[in-house]
Every structure is written in structure tokens, then in C-alpha cells.
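Engineer: Input structure: structure_22.pdb, which contains PDB, C-alpha atoms.
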```pdb
ATOM      1  CA  MET J   1      80.298 121.691 117.141
ATOM      2  CA  SER J   2      83.718 120.274 117.957
ATOM      3  CA  SER J   3      85.652 118.234 115.438
ATOM      4  CA  ALA J   4      88.514 115.867 116.133
ATOM      5  CA  MET J   5      91.904 117.087 115.005
ATOM      6  CA  LEU J   6      94.612 114.901 113.456
ATOM      7  CA  THR J   7      98.333 115.554 113.253
ATOM      8  CA  THR J   8     100.223 114.930 110.039
ATOM      9  CA  GLY J   9     101.548 111.673 111.498
ATOM     10  CA  GLN J  10      98.071 110.463 112.406
ATOM     11  CA  LEU J  11      96.733 111.382 108.984
ATOM     12  CA  SER J  12      99.586 109.595 107.212
ATOM     13  CA  MET J  13      98.639 106.414 109.109
ATOM     14  CA  ARG J  14      95.166 106.387 107.542
ATOM     15  CA  PRO J  15      94.809 104.001 104.599
ATOM     16  CA  GLY J  16      95.556 105.631 101.264
ATOM     17  CA  TYR J  17      97.524 108.588 102.640
ATOM     18  CA  PRO J  18     101.204 109.151 101.889
ATOM     19  CA  SER J  19     104.101 109.689 104.286
ATOM     20  CA  GLU J  20     104.539 112.816 106.400
ATOM     21  CA  TRP J  21     107.155 114.091 103.926
ATOM     22  CA  THR J  22     104.741 113.791 101.036
ATOM     23  CA  MET J  23     102.014 115.476 103.087
ATOM     24  CA  ALA J  24     104.407 118.414 103.638
ATOM     25  CA  ARG J  25     104.985 118.613  99.870
ATOM     26  CA  TRP J  26     101.216 118.513  99.308
ATOM     27  CA  ARG J  27     100.790 121.488 101.663
ATOM     28  CA  ARG J  28     103.423 123.479  99.757
ATOM     29  CA  ASN J  29     101.601 122.726  96.483
ATOM     30  CA  ASN J  30      98.067 123.278  97.888
ATOM     31  CA  ILE J  31      97.127 119.624  97.464
ATOM     32  CA  GLY J  32      95.213 117.531  99.974
ATOM     33  CA  PRO J  33      92.758 118.317 102.755
ATOM     34  CA  ALA J  34      92.559 121.723 104.434
ATOM     35  CA  TYR J  35      94.848 122.168 107.450
ATOM     36  CA  THR J  36      95.411 124.566 110.323
ATOM     37  CA  ARG J  37      98.699 125.710 111.857
ATOM     38  CA  ILE J  38      98.662 126.146 115.612
ATOM     39  CA  GLY J  39     101.928 127.092 117.271
ATOM     40  CA  GLY J  40     103.944 125.927 114.278
ATOM     41  CA  ARG J  41     102.285 122.489 114.240
ATOM     42  CA  VAL J  42      99.937 121.301 111.510
ATOM     43  CA  PHE J  43      96.518 119.866 112.310
ATOM     44  CA  TYR J  44      93.783 118.478 110.080
ATOM     45  CA  SER J  45      90.109 118.568 111.039
ATOM     46  CA  LEU J  46      88.587 115.102 110.715
ATOM     47  CA  ALA J  47      85.527 116.661 109.058
ATOM     48  CA  ASP J  48      87.764 118.377 106.457
ATOM     49  CA  VAL J  49      89.657 115.129 105.825
ATOM     50  CA  GLU J  50      86.446 113.153 105.289
ATOM     51  CA  SER J  51      85.037 115.888 103.051
ATOM     52  CA  TRP J  52      88.219 115.898 100.953
ATOM     53  CA  GLU J  53      88.114 112.096 100.690
ATOM     54  CA  LYS J  54      84.514 112.187  99.441
ATOM     55  CA  SER J  55      85.318 114.841  96.853
ATOM     56  CA  HIS J  56      88.199 112.746  95.483
ATOM     57  CA  ARG J  57      86.379 109.450  95.340
ATOM     58  CA  ALA J  58      86.613 107.731  91.979
ATOM     59  CA  GLY J  59      85.535 104.517  90.363
ATOM     60  CA  GLY J  60      82.731 102.339  91.577
ATOM     61  CA  ASP J  61      82.181 100.704  88.216
ATOM     62  CA  GLU J  62      82.934  97.128  87.312
ATOM     63  CA  MET J  63      86.457  96.164  86.379
ATOM     64  CA  PRO J  64      87.083  96.956  82.715
ATOM     65  CA  GLU J  65      88.051  94.217  80.326
ATOM     66  CA  ARG J  66      91.804  93.935  80.277
ATOM     67  CA  LYS J  67      93.346  93.462  76.881
ATOM     68  CA  LYS J  68      96.025  90.848  76.815
ATOM     69  CA  ARG J  69      99.371  92.284  75.860
ATOM     70  CA  VAL J  70     101.113  90.626  72.963
ATOM     71  CA  ARG J  71     104.802  90.291  73.653
ATOM     72  CA  LYS J  72     107.333  90.909  70.982
ATOM     73  CA  PRO J  73     109.701  88.014  70.338
ATOM     74  CA  LYS J  74     113.050  88.392  72.014
ATOM     75  CA  ALA J  75     115.991  89.275  69.852
ATOM     76  CA  THR J  76     118.244  86.259  69.622
ATOM     77  CA  ALA J  77     121.991  86.296  69.465
ATOM     78  CA  GLY J  78     123.391  85.958  65.951
ATOM     79  CA  THR J  79     123.695  82.441  64.615
ATOM     80  CA  ALA J  80     125.812  81.151  61.789
ATOM     81  CA  ASP J  81     122.908  81.682  59.383
ATOM     82  CA  ASP J  82     122.362  85.293  60.518
ATOM     83  CA  THR J  83     125.909  86.538  60.307
ATOM     84  CA  PRO J  84     126.869  88.339  57.127
ATOM     85  CA  SER J  85     129.637  86.733  55.186
ATOM     86  CA  VAL J  86     132.778  88.749  54.779
ATOM     87  CA  ALA J  87     134.612  88.376  51.497
ATOM     88  CA  ALA J  88     138.329  88.361  51.994
TER      89      ALA J  88
END
```
Now, as a test, write the supplied structure out as C-alpha cells.
Structural biologist:
Amino acid sequence: MSSAMLTTGQLSMRPGYPSEWTMARWRRNNIGPAYTRIGGRVFYSLADVESWEKSHRAGGDEMPERKKRVRKPKATAGTADDTPSVAA
């Protein structure tokens, strides 16, 4: 069984994948799909990529209710009523 191979550049063009630089960092930190080095170049098996995507799938539920954020009133610049009086 032969599987298509992707380069780092081709994989980074897939939706949801980061840049080639980030993919290199992922490899250093053992994050992301399995890869193979051939002659100093990095290749990803399409089957491994799809398997990794399935194992990292999340969500699928309905959108949760979003609570409306209450903003704090802005601090206003001091007015004549707010300034402390200085006794001379």
C-alpha cells in the first residue's frame, strides 16, 4: 500500500496548519503528525496526517450561550467637583 507524501510546505498549505517555521518547532517539541526524514528533507505521510487530524478533532456540539460582558465605566478626567480643595 503506497501513501502520498507531503513536504512541510505542502502540509502548511492545508487549512488549519501553521507556517513551515511553526511546523519545525512542532517537530522539535514532538507535536503534530508523524514525519519521516529522507536525505535531510522532511516528509509527512498523508495517512499519518489524516490520522493525526482525526485524533485531534474537537467540538461538534452546538454553540454555547455567550454571556454578555458588562463593561466597567470609563474613568473620567477630574472635574471641579472631584478635585480636592487645598487649604492655603
Engineer: If the PyMOL selection byres ((chain J and resi 7-13) around 10) is run on the structure shown, which residues does it catch, given as an NGL selection string?
Structural biologist: :J and (5-6 or 14-24 or 35-36 or 41-46 or 49)
Engineer: For the atom pair CA of Gly39 (chain J) and CA of Arg25 (chain J), what is the interatomic distance in Å to one decimal place?
Structural biologist: 19.6 Å
Engineer: As an exercise, work out the distance from CA of Ser3 (chain J) to CA of Ala47 (chain J) in Å and give it to one decimal place.
Structural biologist: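 CA of Ser3 (chain J) sits 6.6 Å away from CA of Ala47 (chain J).
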Engineer: In Å, rounded to a single decimal, give me how far CA of Arg27 (chain J) is from CA of Lys54 (chain J).
Structural biologist: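 CA of Arg27 (chain J) lies 18.9 Å from CA of Lys54 (chain J).
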Engineer: Calculated over all atoms listed in the file, which of the candidates J:Ala75, J:Ile31, J:Ile38, J:Val70 has the smallest distance to His56 (chain J)?
Structural biologist: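 Under the stated criterion, the closest residue is J:Ile31.
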